[in-house]
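Visitor: Below is one structure. I have some questions about it.
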Amino acid sequence: MQKIFTTFLLVFSLASYGQEGRWKPFKLLVIQPDTAIIDQSLFGDRDSVEADNLKSYYSTLKRYEDLLNFKDYSKEMEKSFKETQTRLQKEIPLMKAQEENVKKFKYYQTISQYSTQVYNFYFNEYEPFSTIIEIPNQRTDIGSLKTLADTSKSDYVVFYSNLHTVDKDGLPILKLTTSLYSK
């Protein structure tokens with residue numbers, strides 16, 4: 001019994017020791033790439049990606065507006081729906097303001113868009129949450145990155161270069177370089 005108790009205390013103390021660290025939130029900017037060179041066989045897919053992005057934007061906007069105007073919720077859900085509707089009242093105008101940018105979306109921006117979503121998933125599962133934002137293409141020389149990080153108060157900037165396809169066993173494979181600037 002004494003061995004079990006000693007083992008329990010040892011495991012408990014080690015487990016609690018490992019949980020003492022605190023996550024420090026950070027700000028990360030993900031810069032959209034400005035071009036990509038792809039194989040001609042992918043040109044049809046390029047158009048599909050751009051059209052699907054536009055459809056997704058309008059579909060999400062419609063869902064948000066439907067939720068904002070939804071009135072048929074139960075008493076138990078009233079508080080939750082009111083909070084969601086308050087948040088949507090702020091989000092919908094911001095989303096509508098982005099419509100022109102969404103219309104200008106190019107297939108290669110999928111890289112930064114997807115990366116931003118993945119980084120948010122990885123780093124913002126638990127509080128405190130970090131700020132991870134996709135931004136339009138910028139210059140990526142060291143001086144410009146330093147200025148960007150300083151003015152936006154960012155800790156890190158991720159950017160992509162040399163996006164191109166190569167032929168591997170008769171299939172086009174996307175290759176790119178990912179760079180991380182750390183303040």
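Residue numbers start at 1 in each chain; chains themselves are named A, B, ... in the order of the structure tokens; ligands are numbered from 1 in the order shown.
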Tell me, as a VMD selection string, which residues lie within 12 Å of Thr110 of chain A, counting only C-alpha atoms; anything in the same chain fewer than 4 positions away does not count.
Guide: chain A and resid 30 to 36 46 49 to 50 52 to 53 102 105 to 106 114 to 118 134 160 163
Visitor: Segment 141-146 of chain A: which residues within 8 Å, counting only C-alpha atoms, same-chain residues fewer than 2 positions away excluded, as a list in words?
Guide: Arg139, Leu148, Ala149, Asp150, Val157, Tyr181 and Lys183 of chain A
Visitor: If you keep N, CA and C atoms, can you produce a file of those selected residues as a PDB file, in the first residue's frame?
Guide:
```pdb
ATOM      1  N   ARG A 139       6.284  43.550 -49.899  1.00  0.00           N
ATOM      2  CA  ARG A 139       7.707  43.316 -50.169  1.00  0.00           C
ATOM      3  C   ARG A 139       8.270  42.457 -49.050  1.00  0.00           C
ATOM      4  N   LEU A 148       7.273  46.160 -41.500  1.00  0.00           N
ATOM      5  CA  LEU A 148       5.947  45.547 -41.392  1.00  0.00           C
ATOM      6  C   LEU A 148       5.707  44.997 -39.989  1.00  0.00           C
ATOM      7  N   ALA A 149       6.674  44.269 -39.459  1.00  0.00           N
ATOM      8  CA  ALA A 149       6.539  43.697 -38.119  1.00  0.00           C
ATOM      9  C   ALA A 149       6.432  44.793 -37.060  1.00  0.00           C
ATOM     10  N   ASP A 150       7.219  45.838 -37.201  1.00  0.00           N
ATOM     11  CA  ASP A 150       7.184  46.934 -36.227  1.00  0.00           C
ATOM     12  C   ASP A 150       5.852  47.687 -36.283  1.00  0.00           C
ATOM     13  N   VAL A 157       6.409  36.874 -39.288  1.00  0.00           N
ATOM     14  CA  VAL A 157       5.808  37.046 -40.607  1.00  0.00           C
ATOM     15  C   VAL A 157       6.191  35.815 -41.428  1.00  0.00           C
ATOM     16  N   TYR A 181       9.953  35.125 -40.876  1.00  0.00           N
ATOM     17  CA  TYR A 181      10.683  36.251 -40.319  1.00  0.00           C
ATOM     18  C   TYR A 181      10.295  36.361 -38.849  1.00  0.00           C
ATOM     19  N   LYS A 183      10.752  38.632 -35.381  1.00  0.00           N
ATOM     20  CA  LYS A 183      11.174  39.927 -34.853  1.00  0.00           C
ATOM     21  C   LYS A 183      12.186  39.687 -33.750  1.00  0.00           C
TER      22      LYS A 183
END
```
Visitor: Which residues are close to Asp167 of chain A, i.e. within 10 Å by only C-alpha atoms, leaving aside same-chain residues fewer than 6 positions away? Reply as a list of chain:residue names.
Guide: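 Here the qualifying residues turn out to be A:Asp39, A:Ile173, A:Leu174.
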Visitor: Quick one: DSSP helix (DSSP H, G or I) residues in segment 37-171 of chain A, as number ranges by chain?
Guide: A: 40-69, 75-97, 99-103, 107-123, 142-152
Visitor: Could you work out how far atom CA of Leu88 of chain A lies from atom CA of Glu65 of chain A, giving the answer in Å with one decimal?
Guide: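 Those two atoms sit 7.9 Å apart.
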Visitor: To one decimal place in Å, what is the distance between atom CA of Glu76 of chain A and atom CA of Ile92 of chain A?
Guide: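 Distance between the two atoms: 25.2 Å.
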Visitor: Skip Thr86 of chain A itself and residues of its chain fewer than 4 positions away, then list as a list of chain:residue names all residues within 12 Å of it, counting only C-alpha atoms.
Guide: A:Tyr64, A:Glu65, A:Leu67, A:Leu68, A:Asn69, A:Lys79, A:Ser80, A:Phe81, A:Lys82, A:Lys90, A:Glu91, A:Ile92
Visitor: Only C-alpha atoms, please: the residues just picked out, written as a compact mmCIF listing (two decimals), in the first residue's frame.
Guide:
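Printed below is selection.txt as written:
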```
# COMPACT_ATOMS: atom_id res chain seq x y z
CA TYR A 64 -24.53 34.60 -41.50
CA GLU A 65 -27.39 36.81 -42.66
CA LEU A 67 -28.56 33.40 -38.63
CA LEU A 68 -28.77 37.12 -37.93
CA ASN A 69 -32.45 37.13 -38.94
CA LYS A 79 -28.90 33.66 -24.77
CA SER A 80 -26.58 31.78 -27.12
CA PHE A 81 -28.41 33.01 -30.24
CA LYS A 82 -28.46 36.60 -29.01
CA LYS A 90 -20.26 43.28 -36.37
CA GLU A 91 -18.87 40.57 -38.66
CA ILE A 92 -21.25 40.90 -41.61
```
Visitor: Figure out the distance between atom CA of Tyr58 of chain A and atom CA of Phe123 of chain A, please, to one decimal in Å.
Guide: 27.6 Å
Visitor: Taking only C-alpha atoms into account, name the residue in A:Ala97, A:Lys24, A:Ser41, A:Gln109 that is nearest to Gly170 of chain A.
Guide: A:Ser41
Visitor: Where in segment 21-101 of chain A does DSSP assign strand (DSSP E), given as an MDAnalysis selection string?
Guide: chainID A and resid 27:31
Visitor: Mind writing the picked residues with N, CA and C atoms as a PDB file, in the first residue's frame?
Guide:
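Saved file again12.pdb follows:
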```pdb
ATOM      1  N   LYS A  27       1.646  37.345 -32.319  1.00  0.00           N
ATOM      2  CA  LYS A  27       0.959  37.830 -33.511  1.00  0.00           C
ATOM      3  C   LYS A  27       1.771  37.388 -34.723  1.00  0.00           C
ATOM      4  N   LEU A  28       1.070  36.725 -35.651  1.00  0.00           N
ATOM      5  CA  LEU A  28       1.689  36.195 -36.861  1.00  0.00           C
ATOM      6  C   LEU A  28       0.965  36.739 -38.081  1.00  0.00           C
ATOM      7  N   LEU A  29       1.714  37.285 -39.018  1.00  0.00           N
ATOM      8  CA  LEU A  29       1.150  37.725 -40.293  1.00  0.00           C
ATOM      9  C   LEU A  29       1.540  36.706 -41.355  1.00  0.00           C
ATOM     10  N   VAL A  30       0.582  36.328 -42.198  1.00  0.00           N
ATOM     11  CA  VAL A  30       0.834  35.424 -43.313  1.00  0.00           C
ATOM     12  C   VAL A  30       0.615  36.232 -44.590  1.00  0.00           C
ATOM     13  N   ILE A  31       1.673  36.432 -45.346  1.00  0.00           N
ATOM     14  CA  ILE A  31       1.596  37.253 -46.558  1.00  0.00           C
ATOM     15  C   ILE A  31       1.149  36.390 -47.742  1.00  0.00           C
TER      16      ILE A  31
END
```
Visitor: With a distance cut-off of 10 Å and only C-alpha atoms, select the neighbouring residues of Ser179 of chain A, excluding the residue or stretch itself and same-chain residues fewer than 3 positions from it, and output the selection as an MDAnalysis selection string.
Guide: chainID A and resid 140 157:161 176 182
Visitor: Just write the chosen residues, N, CA, C and O atoms, as a PDB file, in the first residue's frame.
Guide:
```pdb
ATOM      1  N   THR A 140       9.224  41.599 -49.391  1.00  0.00           N
ATOM      2  CA  THR A 140       9.734  40.659 -48.384  1.00  0.00           C
ATOM      3  C   THR A 140      11.246  40.763 -48.169  1.00  0.00           C
ATOM      4  O   THR A 140      11.848  39.828 -47.670  1.00  0.00           O
ATOM      5  N   VAL A 157       6.409  36.874 -39.288  1.00  0.00           N
ATOM      6  CA  VAL A 157       5.808  37.046 -40.607  1.00  0.00           C
ATOM      7  C   VAL A 157       6.191  35.815 -41.428  1.00  0.00           C
ATOM      8  O   VAL A 157       7.371  35.461 -41.512  1.00  0.00           O
ATOM      9  N   VAL A 158       5.179  35.170 -42.012  1.00  0.00           N
ATOM     10  CA  VAL A 158       5.408  34.030 -42.900  1.00  0.00           C
ATOM     11  C   VAL A 158       5.124  34.492 -44.322  1.00  0.00           C
ATOM     12  O   VAL A 158       4.142  35.186 -44.565  1.00  0.00           O
ATOM     13  N   PHE A 159       6.004  34.115 -45.247  1.00  0.00           N
ATOM     14  CA  PHE A 159       5.754  34.434 -46.648  1.00  0.00           C
ATOM     15  C   PHE A 159       6.254  33.299 -47.538  1.00  0.00           C
ATOM     16  O   PHE A 159       7.054  32.463 -47.118  1.00  0.00           O
ATOM     17  N   TYR A 160       5.742  33.277 -48.760  1.00  0.00           N
ATOM     18  CA  TYR A 160       6.009  32.191 -49.701  1.00  0.00           C
ATOM     19  C   TYR A 160       6.655  32.751 -50.951  1.00  0.00           C
ATOM     20  O   TYR A 160       6.340  33.857 -51.389  1.00  0.00           O
ATOM     21  N   SER A 161       7.537  31.984 -51.534  1.00  0.00           N
ATOM     22  CA  SER A 161       8.176  32.395 -52.784  1.00  0.00           C
ATOM     23  C   SER A 161       8.431  31.155 -53.637  1.00  0.00           C
ATOM     24  O   SER A 161       8.309  30.021 -53.163  1.00  0.00           O
ATOM     25  N   LEU A 176       7.348  25.010 -53.399  1.00  0.00           N
ATOM     26  CA  LEU A 176       7.414  26.398 -52.953  1.00  0.00           C
ATOM     27  C   LEU A 176       8.411  26.515 -51.821  1.00  0.00           C
ATOM     28  O   LEU A 176       8.828  25.523 -51.237  1.00  0.00           O
ATOM     29  N   SER A 182      11.280  36.420 -37.983  1.00  0.00           N
ATOM     30  CA  SER A 182      11.032  36.558 -36.549  1.00  0.00           C
ATOM     31  C   SER A 182      11.590  37.888 -36.080  1.00  0.00           C
ATOM     32  O   SER A 182      12.726  38.237 -36.373  1.00  0.00           O
TER      33      SER A 182
END
```
Visitor: Give me, as a list of chain:residue names, all polymer residues having an atom no more than 8 Å from Lys175 of chain A, counting only C-alpha atoms and skipping those fewer than 2 positions away in the same chain.
Guide: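 Non-adjacent residues within range: A:Asn162, A:Leu163, A:His164, A:Thr165, A:Val166, A:Ile173, A:Thr177.
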Visitor: For Pro25 of chain A, which residue among A:Gln89, A:Asn124, A:Thr147, A:Thr60 is the nearest when counting only C-alpha atoms?
Guide: A:Asn124
Visitor: Counting only C-alpha atoms, figure out which residue out of A:Ile111, A:Ile133, A:Leu61, A:Leu42 gets nearest to Leu94 of chain A.
Guide: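 Comparing A:Ile111, A:Ile133, A:Leu61, A:Leu42 against Leu94 of chain A, the winner is A:Leu61.
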